[in-house]
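The file my_file18.cif contains mmCIF, C-alpha atoms:
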```
data_query
#
loop_
_atom_site.group_PDB
_atom_site.id
_atom_site.type_symbol
_atom_site.label_atom_id
_atom_site.label_comp_id
_atom_site.auth_asym_id
_atom_site.auth_seq_id
_atom_site.Cartn_x
_atom_site.Cartn_y
_atom_site.Cartn_z
ATOM 1 C CA MET A 1 39.818 7.914 10.333
ATOM 2 C CA LEU A 2 38.582 9.048 6.921
ATOM 3 C CA THR A 3 36.590 6.686 4.747
ATOM 4 C CA LYS A 4 37.794 5.998 1.194
ATOM 5 C CA ASN A 5 35.395 8.560 -0.308
ATOM 6 C CA GLU A 6 36.224 11.177 2.322
ATOM 7 C CA ALA A 7 39.945 10.768 1.666
ATOM 8 C CA ILE A 8 39.413 11.155 -2.085
ATOM 9 C CA LYS A 9 37.197 14.213 -1.590
ATOM 10 C CA THR A 10 39.820 15.802 0.644
ATOM 11 C CA LYS A 11 42.471 15.337 -2.041
ATOM 12 C CA LEU A 12 40.221 16.692 -4.807
ATOM 13 C CA ILE A 13 39.347 19.785 -2.785
ATOM 14 C CA HIS A 14 43.031 20.284 -2.018
ATOM 15 C CA TYR A 15 43.969 20.083 -5.707
ATOM 16 C CA SER A 16 41.071 22.308 -6.752
ATOM 17 C CA MET A 17 41.914 25.024 -4.231
ATOM 18 C CA MET A 18 45.395 25.273 -5.723
ATOM 19 C CA GLY A 19 43.804 26.733 -8.852
ATOM 20 C CA ILE A 20 46.313 25.161 -11.251
ATOM 21 C CA PHE A 21 44.381 22.172 -12.612
ATOM 22 C CA THR A 22 41.821 22.451 -15.400
ATOM 23 C CA THR A 23 38.381 20.844 -15.170
ATOM 24 C CA GLU A 24 39.573 18.074 -17.494
ATOM 25 C CA GLN A 25 42.631 17.430 -15.334
ATOM 26 C CA LEU A 26 40.580 17.367 -12.130
ATOM 27 C CA ASN A 27 38.247 14.799 -13.707
ATOM 28 C CA TYR A 28 41.289 12.709 -14.616
ATOM 29 C CA LEU A 29 42.618 12.945 -11.035
ATOM 30 C CA LYS A 30 39.185 11.988 -9.717
ATOM 31 C CA ASP A 31 38.978 8.897 -11.951
ATOM 32 C CA CYS A 32 42.485 7.791 -10.969
ATOM 33 C CA LEU A 33 41.811 8.228 -7.255
ATOM 34 C CA LEU A 34 38.565 6.269 -7.490
ATOM 35 C CA TYR A 35 40.548 3.464 -9.136
ATOM 36 C CA ALA A 36 43.541 3.666 -6.775
ATOM 37 C CA PRO A 37 42.863 5.903 -3.727
ATOM 38 C CA ASP A 38 46.382 5.512 -2.354
ATOM 39 C CA PHE A 39 48.146 6.731 -5.497
ATOM 40 C CA SER A 40 50.258 9.820 -4.995
ATOM 41 C CA LEU A 41 49.921 12.754 -7.357
ATOM 42 C CA GLU A 42 53.311 11.882 -8.846
ATOM 43 C CA GLU A 43 52.175 8.332 -9.579
ATOM 44 C CA ILE A 44 48.972 9.604 -11.191
ATOM 45 C CA LEU A 45 50.693 12.199 -13.370
ATOM 46 C CA PHE A 46 53.245 9.747 -14.657
ATOM 47 C CA MET A 47 50.919 6.897 -15.446
ATOM 48 C CA GLU A 48 50.601 6.271 -19.197
ATOM 49 C CA GLN A 49 47.589 8.545 -19.592
ATOM 50 C CA GLY A 50 48.978 11.109 -17.156
ATOM 51 C CA ARG A 51 52.158 11.448 -19.175
ATOM 52 C CA ARG A 52 50.027 12.631 -22.079
ATOM 53 C CA MET A 53 48.690 15.440 -19.886
ATOM 54 C CA LYS A 54 50.170 18.765 -20.941
ATOM 55 C CA ASN A 55 53.009 19.924 -18.720
ATOM 56 C CA ALA A 56 52.697 17.053 -16.228
ATOM 57 C CA LEU A 57 56.163 17.711 -14.804
ATOM 58 C CA SER A 58 55.516 21.449 -14.578
ATOM 59 C CA LEU A 59 52.219 20.815 -12.788
ATOM 60 C CA LEU A 60 53.912 18.561 -10.262
ATOM 61 C CA GLU A 61 56.588 21.170 -9.590
ATOM 62 C CA ARG A 62 53.952 23.879 -9.088
ATOM 63 C CA VAL A 63 52.038 21.651 -6.673
ATOM 64 C CA ARG A 64 55.194 20.996 -4.653
ATOM 65 C CA ILE A 65 55.941 24.721 -4.434
ATOM 66 C CA LEU A 66 52.411 25.523 -3.320
ATOM 67 C CA GLU A 67 52.401 22.757 -0.726
ATOM 68 C CA LYS A 68 55.598 24.205 0.760
ATOM 69 C CA THR A 69 54.398 27.804 0.784
ATOM 70 C CA GLN A 70 50.696 27.452 1.600
ATOM 71 C CA ASP A 71 49.226 26.400 4.905
ATOM 72 C CA THR A 72 46.126 24.255 4.372
ATOM 73 C CA SER A 73 44.479 25.240 7.657
ATOM 74 C CA THR A 74 44.957 28.958 6.844
ATOM 75 C CA ILE A 75 43.372 28.467 3.419
ATOM 76 C CA MET A 76 40.369 26.682 4.926
ATOM 77 C CA GLU A 77 39.964 29.531 7.424
ATOM 78 C CA GLN A 78 39.638 31.949 4.501
ATOM 79 C CA TYR A 79 36.737 29.918 3.120
ATOM 80 C CA GLN A 80 35.079 29.699 6.528
ATOM 81 C CA LYS A 81 35.429 33.442 7.133
ATOM 82 C CA ARG A 82 33.728 34.158 3.813
ATOM 83 C CA ASN A 83 31.076 31.512 4.494
ATOM 84 C CA VAL A 84 32.069 29.652 1.325
ATOM 85 C CA HIS A 85 31.085 25.981 1.272
ATOM 86 C CA VAL A 86 32.327 23.140 -0.913
ATOM 87 C CA VAL A 87 30.507 20.311 -2.694
ATOM 88 C CA THR A 88 32.309 17.627 -4.695
ATOM 89 C CA ILE A 89 31.041 15.357 -7.423
ATOM 90 C CA LEU A 90 31.262 12.480 -4.932
ATOM 91 C CA ASP A 91 28.783 14.091 -2.522
ATOM 92 C CA GLU A 92 25.113 13.083 -2.422
ATOM 93 C CA GLU A 93 24.027 16.715 -2.629
ATOM 94 C CA TYR A 94 25.877 17.287 -5.903
ATOM 95 C CA PRO A 95 23.211 18.130 -8.551
ATOM 96 C CA PRO A 96 22.493 15.019 -10.658
ATOM 97 C CA SER A 97 21.874 17.178 -13.738
ATOM 98 C CA LEU A 98 25.465 18.462 -13.625
ATOM 99 C CA LYS A 99 26.832 14.923 -13.629
ATOM 100 C CA GLU A 100 25.240 14.506 -17.060
ATOM 101 C CA ILE A 101 27.238 17.248 -18.779
ATOM 102 C CA TYR A 102 30.566 16.928 -20.559
ATOM 103 C CA GLN A 103 33.464 17.497 -18.140
ATOM 104 C CA PRO A 104 31.329 18.162 -15.044
ATOM 105 C CA PRO A 105 32.919 20.318 -12.356
ATOM 106 C CA VAL A 106 34.637 18.091 -9.803
ATOM 107 C CA VAL A 107 34.418 20.712 -7.065
ATOM 108 C CA LEU A 108 31.878 23.498 -6.619
ATOM 109 C CA TYR A 109 32.160 26.459 -4.255
ATOM 110 C CA TYR A 110 29.054 28.241 -3.041
ATOM 111 C CA GLN A 111 27.475 30.764 -0.725
ATOM 112 C CA GLY A 112 23.816 30.685 0.220
ATOM 113 C CA ASP A 113 20.995 28.151 0.102
ATOM 114 C CA TRP A 114 22.131 24.949 -1.620
ATOM 115 C CA ARG A 115 18.561 23.610 -1.466
ATOM 116 C CA LEU A 116 17.773 25.801 -4.489
ATOM 117 C CA THR A 117 19.603 23.243 -6.628
ATOM 118 C CA ARG A 118 16.695 20.877 -5.898
ATOM 119 C CA ARG A 119 13.982 23.235 -7.131
ATOM 120 C CA ARG A 120 12.427 23.780 -10.557
ATOM 121 C CA ARG A 121 15.135 25.629 -12.432
ATOM 122 C CA LEU A 122 15.027 27.734 -15.589
ATOM 123 C CA GLY A 123 18.166 29.311 -17.029
ATOM 124 C CA ILE A 124 17.550 32.789 -18.435
ATOM 125 C CA VAL A 125 20.277 34.517 -20.445
ATOM 126 C CA GLY A 126 20.599 37.315 -22.931
ATOM 127 C CA SER A 127 22.526 40.320 -24.140
ATOM 128 C CA ARG A 128 24.849 42.362 -21.939
ATOM 129 C CA ASN A 129 23.434 45.435 -23.699
ATOM 130 C CA VAL A 130 19.862 44.926 -22.574
ATOM 131 C CA THR A 131 17.218 46.835 -24.520
ATOM 132 C CA GLU A 132 13.965 48.252 -23.228
ATOM 133 C CA TYR A 133 12.244 45.413 -25.074
ATOM 134 C CA GLY A 134 14.292 42.866 -23.131
ATOM 135 C CA LYS A 135 13.287 44.485 -19.843
ATOM 136 C CA GLN A 136 9.624 44.439 -20.882
ATOM 137 C CA VAL A 137 9.868 40.747 -21.799
ATOM 138 C CA LEU A 138 11.233 39.919 -18.339
ATOM 139 C CA ALA A 139 8.564 42.085 -16.705
ATOM 140 C CA LYS A 140 5.937 40.001 -18.532
ATOM 141 C CA LEU A 141 7.417 36.510 -18.058
ATOM 142 C CA LEU A 142 9.021 36.549 -14.620
ATOM 143 C CA PRO A 143 5.957 37.160 -12.367
ATOM 144 C CA PRO A 144 4.047 34.031 -13.503
ATOM 145 C CA LEU A 145 7.262 31.963 -13.464
ATOM 146 C CA ILE A 146 8.052 33.046 -9.905
ATOM 147 C CA LYS A 147 4.438 32.410 -8.889
ATOM 148 C CA GLU A 148 4.955 28.786 -9.982
ATOM 149 C CA HIS A 149 8.033 28.521 -7.695
ATOM 150 C CA ILE A 150 10.512 28.425 -10.558
ATOM 151 C CA THR A 151 14.083 29.269 -9.571
ATOM 152 C CA THR A 152 15.894 31.377 -12.154
ATOM 153 C CA VAL A 153 19.501 30.596 -13.077
ATOM 154 C CA SER A 154 21.801 33.090 -14.757
ATOM 155 C CA GLY A 155 25.396 34.255 -14.942
ATOM 156 C CA LEU A 156 25.480 37.585 -13.057
ATOM 157 C CA ALA A 157 26.763 39.393 -16.144
ATOM 158 C CA ALA A 158 25.687 42.913 -17.042
ATOM 159 C CA GLY A 159 22.434 43.254 -18.944
ATOM 160 C CA ILE A 160 19.826 40.503 -19.021
ATOM 161 C CA ASP A 161 21.572 38.370 -16.346
ATOM 162 C CA GLN A 162 21.592 41.267 -13.909
ATOM 163 C CA GLU A 163 17.950 42.037 -14.684
ATOM 164 C CA VAL A 164 16.957 38.399 -14.116
ATOM 165 C CA HIS A 165 18.561 38.187 -10.681
ATOM 166 C CA THR A 166 17.340 41.617 -9.564
ATOM 167 C CA LYS A 167 13.761 41.224 -10.788
ATOM 168 C CA THR A 168 13.491 37.683 -9.378
ATOM 169 C CA MET A 169 14.464 38.882 -5.916
ATOM 170 C CA GLY A 170 12.177 41.900 -6.279
ATOM 171 C CA LEU A 171 9.326 39.446 -6.862
ATOM 172 C CA GLU A 172 10.403 37.518 -3.721
ATOM 173 C CA GLY A 173 11.466 34.581 -5.849
ATOM 174 C CA ASN A 174 14.621 32.485 -5.805
ATOM 175 C CA THR A 175 17.619 32.843 -8.079
ATOM 176 C CA ILE A 176 20.955 31.099 -8.625
ATOM 177 C CA ALA A 177 23.962 32.995 -9.961
ATOM 178 C CA ILE A 178 26.848 31.052 -11.507
ATOM 179 C CA ILE A 179 30.023 33.084 -11.930
ATOM 180 C CA GLY A 180 33.308 32.698 -13.804
ATOM 181 C CA THR A 181 35.597 33.923 -11.017
ATOM 182 C CA GLY A 182 36.333 33.016 -7.437
ATOM 183 C CA ILE A 183 33.497 33.952 -5.092
ATOM 184 C CA ASP A 184 35.653 36.733 -3.638
ATOM 185 C CA ARG A 185 36.072 38.423 -7.028
ATOM 186 C CA TYR A 186 33.483 40.590 -8.773
ATOM 187 C CA TYR A 187 32.957 40.774 -12.516
ATOM 188 C CA PRO A 188 31.677 43.099 -13.696
ATOM 189 C CA ARG A 189 32.757 45.226 -10.732
ATOM 190 C CA PRO A 190 29.482 47.205 -10.484
ATOM 191 C CA ASN A 191 27.687 43.939 -9.661
ATOM 192 C CA GLN A 192 29.560 43.507 -6.358
ATOM 193 C CA GLY A 193 26.563 44.508 -4.246
ATOM 194 C CA LEU A 194 24.236 42.226 -6.200
ATOM 195 C CA GLN A 195 26.679 39.315 -5.963
ATOM 196 C CA GLU A 196 27.023 39.724 -2.197
ATOM 197 C CA LYS A 197 23.241 39.927 -1.791
ATOM 198 C CA ILE A 198 22.742 36.724 -3.795
ATOM 199 C CA GLY A 199 25.437 34.979 -1.734
ATOM 200 C CA LYS A 200 23.620 35.904 1.475
ATOM 201 C CA GLU A 201 19.993 35.494 0.443
ATOM 202 C CA GLN A 202 19.943 33.180 -2.592
ATOM 203 C CA LEU A 203 22.666 30.937 -4.073
ATOM 204 C CA LEU A 204 26.013 31.876 -5.610
ATOM 205 C CA ILE A 205 28.068 29.122 -7.299
ATOM 206 C CA SER A 206 31.529 28.923 -8.856
ATOM 207 C CA GLU A 207 33.803 26.074 -9.907
ATOM 208 C CA TYR A 208 36.819 28.281 -9.229
ATOM 209 C CA PRO A 209 38.619 28.661 -5.877
ATOM 210 C CA LEU A 210 38.939 31.941 -4.002
ATOM 211 C CA GLY A 211 41.221 34.455 -5.629
ATOM 212 C CA THR A 212 40.531 33.337 -9.208
ATOM 213 C CA PRO A 213 40.332 36.405 -11.467
ATOM 214 C CA PRO A 214 38.090 36.708 -14.543
ATOM 215 C CA LYS A 215 39.620 35.016 -17.585
ATOM 216 C CA LYS A 216 38.139 34.874 -21.057
ATOM 217 C CA HIS A 217 37.836 31.066 -21.178
ATOM 218 C CA HIS A 218 36.062 30.955 -17.805
ATOM 219 C CA PHE A 219 32.833 32.339 -19.200
ATOM 220 C CA PRO A 220 32.040 29.655 -21.789
ATOM 221 C CA MET A 221 32.789 27.202 -18.954
ATOM 222 C CA ARG A 222 30.378 29.137 -16.724
ATOM 223 C CA ASN A 223 27.748 28.979 -19.469
ATOM 224 C CA ARG A 224 27.896 25.179 -19.561
ATOM 225 C CA LEU A 225 27.022 25.137 -15.836
ATOM 226 C CA ILE A 226 24.024 27.421 -16.373
ATOM 227 C CA ALA A 227 22.756 25.036 -19.044
ATOM 228 C CA GLY A 228 23.662 21.927 -17.072
ATOM 229 C CA LEU A 229 22.006 23.013 -13.830
ATOM 230 C CA SER A 230 18.813 24.185 -15.562
ATOM 231 C CA HIS A 231 15.939 22.072 -16.848
ATOM 232 C CA GLY A 232 15.573 24.475 -19.748
ATOM 233 C CA VAL A 233 17.197 27.683 -20.990
ATOM 234 C CA LEU A 234 15.359 30.801 -22.130
ATOM 235 C CA VAL A 235 17.242 33.252 -24.372
ATOM 236 C CA VAL A 236 15.615 36.669 -24.151
ATOM 237 C CA GLU A 237 17.721 38.569 -26.664
ATOM 238 C CA ALA A 238 21.056 37.797 -28.284
ATOM 239 C CA LYS A 239 23.200 38.935 -31.162
ATOM 240 C CA GLN A 240 24.313 36.525 -33.858
ATOM 241 C CA ARG A 241 27.525 35.660 -31.985
ATOM 242 C CA SER A 242 27.193 35.864 -28.229
ATOM 243 C CA GLY A 243 27.715 34.014 -24.962
ATOM 244 C CA SER A 244 23.960 33.484 -24.744
ATOM 245 C CA LEU A 245 24.047 31.394 -27.908
ATOM 246 C CA ILE A 246 26.923 29.362 -26.447
ATOM 247 C CA THR A 247 24.701 28.619 -23.449
ATOM 248 C CA ALA A 248 21.802 27.695 -25.738
ATOM 249 C CA ASN A 249 23.982 25.390 -27.847
ATOM 250 C CA VAL A 250 25.337 23.668 -24.744
ATOM 251 C CA ALA A 251 21.760 23.236 -23.528
ATOM 252 C CA LEU A 252 20.834 21.562 -26.813
ATOM 253 C CA GLN A 253 23.864 19.262 -26.612
ATOM 254 C CA GLU A 254 22.873 18.281 -23.077
ATOM 255 C CA ASN A 255 19.249 17.564 -24.085
ATOM 256 C CA ARG A 256 17.803 20.568 -22.299
ATOM 257 C CA GLU A 257 14.807 22.471 -23.622
ATOM 258 C CA VAL A 258 15.758 25.725 -25.325
ATOM 259 C CA PHE A 259 13.351 28.644 -25.527
ATOM 260 C CA ALA A 260 13.757 31.943 -27.374
ATOM 261 C CA VAL A 261 11.832 35.192 -27.479
ATOM 262 C CA PRO A 262 11.393 36.560 -31.030
ATOM 263 C CA GLY A 263 12.401 40.111 -31.853
ATOM 264 C CA ASN A 264 12.628 42.712 -34.581
ATOM 265 C CA ILE A 265 14.156 41.040 -37.665
ATOM 266 C CA LEU A 266 15.842 44.321 -38.578
ATOM 267 C CA HIS A 267 17.603 44.766 -35.223
ATOM 268 C CA PRO A 268 20.968 43.013 -34.601
ATOM 269 C CA ALA A 269 20.098 42.487 -30.927
ATOM 270 C CA TYR A 270 17.572 39.817 -31.937
ATOM 271 C CA GLN A 271 19.364 38.020 -34.773
ATOM 272 C CA GLY A 272 20.612 35.313 -32.422
ATOM 273 C CA THR A 273 17.237 34.554 -30.846
ATOM 274 C CA ASN A 274 15.431 34.618 -34.190
ATOM 275 C CA GLU A 275 17.961 32.171 -35.625
ATOM 276 C CA LEU A 276 17.536 29.900 -32.589
ATOM 277 C CA ILE A 277 13.813 29.759 -33.310
ATOM 278 C CA ARG A 278 14.464 29.005 -36.977
ATOM 279 C CA SER A 279 16.776 26.178 -35.839
ATOM 280 C CA GLY A 280 14.127 24.601 -33.638
ATOM 281 C CA ALA A 281 14.110 26.421 -30.300
ATOM 282 C CA LYS A 282 10.670 26.812 -28.753
ATOM 283 C CA LEU A 283 9.194 30.214 -29.598
ATOM 284 C CA VAL A 284 8.044 32.006 -26.443
ATOM 285 C CA LEU A 285 5.184 34.490 -26.539
ATOM 286 C CA SER A 286 4.032 33.877 -22.964
ATOM 287 C CA GLU A 287 4.929 31.846 -19.882
ATOM 288 C CA GLU A 288 2.561 29.122 -21.070
ATOM 289 C CA ASP A 289 4.988 28.245 -23.859
ATOM 290 C CA ILE A 290 7.559 27.399 -21.175
ATOM 291 C CA PHE A 291 5.166 25.550 -18.878
ATOM 292 C CA GLU A 292 3.897 23.503 -21.808
ATOM 293 C CA GLU A 293 7.347 22.003 -22.399
ATOM 294 C CA LEU A 294 8.619 21.664 -18.833
ATOM 295 C CA GLN A 295 5.643 20.751 -16.649
ATOM 296 C CA ALA A 296 5.723 17.092 -17.661
ATOM 297 C CA LEU A 297 9.410 16.916 -16.751
ATOM 298 C CA TRP A 298 8.844 18.651 -13.417
ATOM 299 C CA LEU A 299 5.916 16.354 -12.612
ATOM 300 C CA LEU A 300 8.091 13.308 -13.345
ATOM 301 C CA LYS A 301 10.883 14.587 -11.120
ATOM 302 C CA ASN A 302 8.440 15.520 -8.365
ATOM 303 C CA ASN A 303 7.188 11.927 -8.346
ATOM 304 C CA LYS A 304 10.783 10.778 -7.898
ATOM 305 C CA ASN A 305 11.251 13.283 -5.040
ATOM 306 C CA LYS A 306 14.076 14.997 -6.888
ATOM 307 C CA ILE A 307 12.520 18.432 -6.817
ATOM 308 C CA ASN A 308 11.173 20.272 -3.796
ATOM 309 C CA ILE A 309 8.702 23.094 -4.324
#
```

So, in terms of C-alpha cells, how does the structure I just supplied come out?
Amino acid sequence: MLTKNEAIKTKLIHYSMMGIFTTEQLNYLKDCLLYAPDFSLEEILFMEQGRRMKNALSLLERVRILEKTQDTSTIMEQYQKRNVHVVTILDEEYPPSLKEIYQPPVVLYYQGDWRLTRRRRLGIVGSRNVTEYGKQVLAKLLPPLIKEHITTVSGLAAGIDQEVHTKTMGLEGNTIAIIGTGIDRYYPRPNQGLQEKIGKEQLLISEYPLGTPPKKHHFPMRNRLIAGLSHGVLVVEAKQRSGSLITANVALQENREVFAVPGNILHPAYQGTNELIRSGAKLVLSEEDIFEELQALWLLKNNKNKINI
C-alpha cells in the first residue's frame, strides 16, 4: 500500500505526464494534495481557488478524455524504454536550490547521472551566434573550472550553450543540459547527437513530459531552471535583449552570483554583458574572479555535506 507521499507523487507524475497543466497549476495541485490527499481532481479544480484557475472545466474535460484514451502502463513503458527517470518536488533527491525559486518545477524528467545535481555547479550562457571571441573565452576559462571539479550547466541551445557542453566533455568534465522540450525531442535539431550523448554520459533534464515540442514560452522557463540549479551564472556574450540576460536577471532575483565577460563596446554582441557589468555583475577576466565569489559558498555547503566533489 502506498504511503501518503507516494500516493501524492503518483498523482503529480500522472498529471504532469498529461502535458496539459502549467507549472503554476501543478504547484496548485501539489499544495491541495498535501492539504487533502484524498481530494479528487474535480474537487480540487472546483474549490474556491481552483475556480479562479483559467479554464478549470476545460482542463477537467481534457483530463477525462486522456484518461479514457491513454493507458498508464503503456506510457510508463515509453519512459522506461528511453531510460527517462522522474523526480518530484517531494523526493529527497530533488535539488534544494530549485525549491527556492519562484514556481519550482513539481516534476522533473531526466536521463543520466542525477548525482551531478549535488556537485559544484556554474551556469554558463551566451549568444546563439557565438563569436570567435566567445570561443576563446571558453577555451581560457573552462580548463581551470573543470580542474576544480565544477559542473557546467547550460541550455543546449546553439552557440555558447553548445560550446559549453562540448568543451566540458572534451576536457573530461561534467555538464548538465536543461532543455525546453520533452527529452525525446531535439531543438535545435542539429544538436540531437549532443543531446543523446549528454543523456547517456552526463545529465539531461526537462520539466516537460515526453512528446512536448519546442514552444516559445518554454525557453524563459528553461532559463529559470539553469539559474535556479546553479550556484552562479556566467554570461559570456549577449546582445542587449537576449535569453542569456533573462537567465542572468532570474539569477539575480534568486540571489545567485552573476558574472559577465566584458567585450568590445562597439560590437552589439557584447552590449548585454557590458550592461550587466555596469549594473553590478561581477566582471570576469579570469577564473579567479569566479572562484573568489563562489569558493566561500562551496566551502559552506561542503561542510553541510550538500555538495560532493

Counting all atoms listed in the file, what are the residues of stretch 104-211 of chain A within 10 Å of stretch 7-17 of chain A, and for each of them which pair of atoms is the nearest and at what distance in Å, to one decimal? Sort the table by chain and rising number, as CSV.
```
residue,atom,partner,partner_atom,distance
A:Val106,CA,A:Leu12,CA,7.6
A:Val107,CA,A:Ile13,CA,6.6
A:Leu108,CA,A:Ile13,CA,9.2
A:Tyr109,CA,A:Met17,CA,9.9
A:Glu207,CA,A:Ser16,CA,8.8
A:Tyr208,CA,A:Ser16,CA,7.7
A:Pro209,CA,A:Met17,CA,5.2
A:Leu210,CA,A:Met17,CA,7.5
A:Gly211,CA,A:Met17,CA,9.6
```

Spell out the residues picked by the PyMOL selection byres ((chain A and resi 162-177) around 9) here, as a PDB file with C-alpha atoms, in the coordinates of the input.
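The resulting result.pdb:
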```pdb
ATOM      1  CA  LEU A 116      17.773  25.801  -4.489  1.00  0.00           C
ATOM      2  CA  THR A 117      19.603  23.243  -6.628  1.00  0.00           C
ATOM      3  CA  ARG A 121      15.135  25.629 -12.432  1.00  0.00           C
ATOM      4  CA  ILE A 124      17.550  32.789 -18.435  1.00  0.00           C
ATOM      5  CA  VAL A 125      20.277  34.517 -20.445  1.00  0.00           C
ATOM      6  CA  ARG A 128      24.849  42.362 -21.939  1.00  0.00           C
ATOM      7  CA  VAL A 130      19.862  44.926 -22.574  1.00  0.00           C
ATOM      8  CA  LYS A 135      13.287  44.485 -19.843  1.00  0.00           C
ATOM      9  CA  LEU A 138      11.233  39.919 -18.339  1.00  0.00           C
ATOM     10  CA  ALA A 139       8.564  42.085 -16.705  1.00  0.00           C
ATOM     11  CA  LEU A 142       9.021  36.549 -14.620  1.00  0.00           C
ATOM     12  CA  PRO A 143       5.957  37.160 -12.367  1.00  0.00           C
ATOM     13  CA  ILE A 146       8.052  33.046  -9.905  1.00  0.00           C
ATOM     14  CA  LYS A 147       4.438  32.410  -8.889  1.00  0.00           C
ATOM     15  CA  HIS A 149       8.033  28.521  -7.695  1.00  0.00           C
ATOM     16  CA  ILE A 150      10.512  28.425 -10.558  1.00  0.00           C
ATOM     17  CA  THR A 151      14.083  29.269  -9.571  1.00  0.00           C
ATOM     18  CA  THR A 152      15.894  31.377 -12.154  1.00  0.00           C
ATOM     19  CA  VAL A 153      19.501  30.596 -13.077  1.00  0.00           C
ATOM     20  CA  SER A 154      21.801  33.090 -14.757  1.00  0.00           C
ATOM     21  CA  GLY A 155      25.396  34.255 -14.942  1.00  0.00           C
ATOM     22  CA  LEU A 156      25.480  37.585 -13.057  1.00  0.00           C
ATOM     23  CA  ALA A 157      26.763  39.393 -16.144  1.00  0.00           C
ATOM     24  CA  ALA A 158      25.687  42.913 -17.042  1.00  0.00           C
ATOM     25  CA  GLY A 159      22.434  43.254 -18.944  1.00  0.00           C
ATOM     26  CA  ILE A 160      19.826  40.503 -19.021  1.00  0.00           C
ATOM     27  CA  ASP A 161      21.572  38.370 -16.346  1.00  0.00           C
ATOM     28  CA  ILE A 178      26.848  31.052 -11.507  1.00  0.00           C
ATOM     29  CA  ILE A 179      30.023  33.084 -11.930  1.00  0.00           C
ATOM     30  CA  ASN A 191      27.687  43.939  -9.661  1.00  0.00           C
ATOM     31  CA  LEU A 194      24.236  42.226  -6.200  1.00  0.00           C
ATOM     32  CA  GLN A 195      26.679  39.315  -5.963  1.00  0.00           C
ATOM     33  CA  ILE A 198      22.742  36.724  -3.795  1.00  0.00           C
ATOM     34  CA  GLY A 199      25.437  34.979  -1.734  1.00  0.00           C
ATOM     35  CA  GLU A 201      19.993  35.494   0.443  1.00  0.00           C
ATOM     36  CA  GLN A 202      19.943  33.180  -2.592  1.00  0.00           C
ATOM     37  CA  LEU A 203      22.666  30.937  -4.073  1.00  0.00           C
ATOM     38  CA  LEU A 204      26.013  31.876  -5.610  1.00  0.00           C
ATOM     39  CA  ILE A 205      28.068  29.122  -7.299  1.00  0.00           C
ATOM     40  CA  SER A 206      31.529  28.923  -8.856  1.00  0.00           C
ATOM     41  CA  ILE A 226      24.024  27.421 -16.373  1.00  0.00           C
TER      42      ILE A 226
END
```

List the residues sitting within 7 Å of (31.8, 28.2, 4.0) in the file's frame, using all atoms listed in the file, as a CSV table (one decimal) with C-alpha atoms, in the frame of the given file.
```
chain,number,residue,atom,x,y,z
A,79,TYR,CA,36.7,29.9,3.1
A,80,GLN,CA,35.1,29.7,6.5
A,82,ARG,CA,33.7,34.2,3.8
A,83,ASN,CA,31.1,31.5,4.5
A,84,VAL,CA,32.1,29.7,1.3
A,85,HIS,CA,31.1,26.0,1.3
A,111,GLN,CA,27.5,30.8,-0.7
```

re atom CA of A:Gly280 and atom CA of A:Phe259: distance 9.1 Å

Need the axis-aligned box for stretch 231-237 of chain A with 5 Å each side, so what are the centre and edges in Å to one decimal, as AutoDock Vina command-line options?
```
--center_x 16.5 --center_y 30.3 --center_z -21.8 --size_x 12.4 --size_y 26.5 --size_z 19.8
```

Suppose a student applies the PyMOL selection byres ((chain A and resi 58-67) around 10) to this structure; what residues should they get, written as a list in words?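 Evaluating the PyMOL selection byres ((chain A and resi 58-67) around 10) on this file yields His14, Tyr15, Met18, Gly19, Ile20, Phe21, Leu41, Glu42, Leu45, Phe46, Met53, Lys54, Asn55, Ala56, Leu57, Lys68, Thr69, Gln70, Asp71 and Thr72 of chain A.
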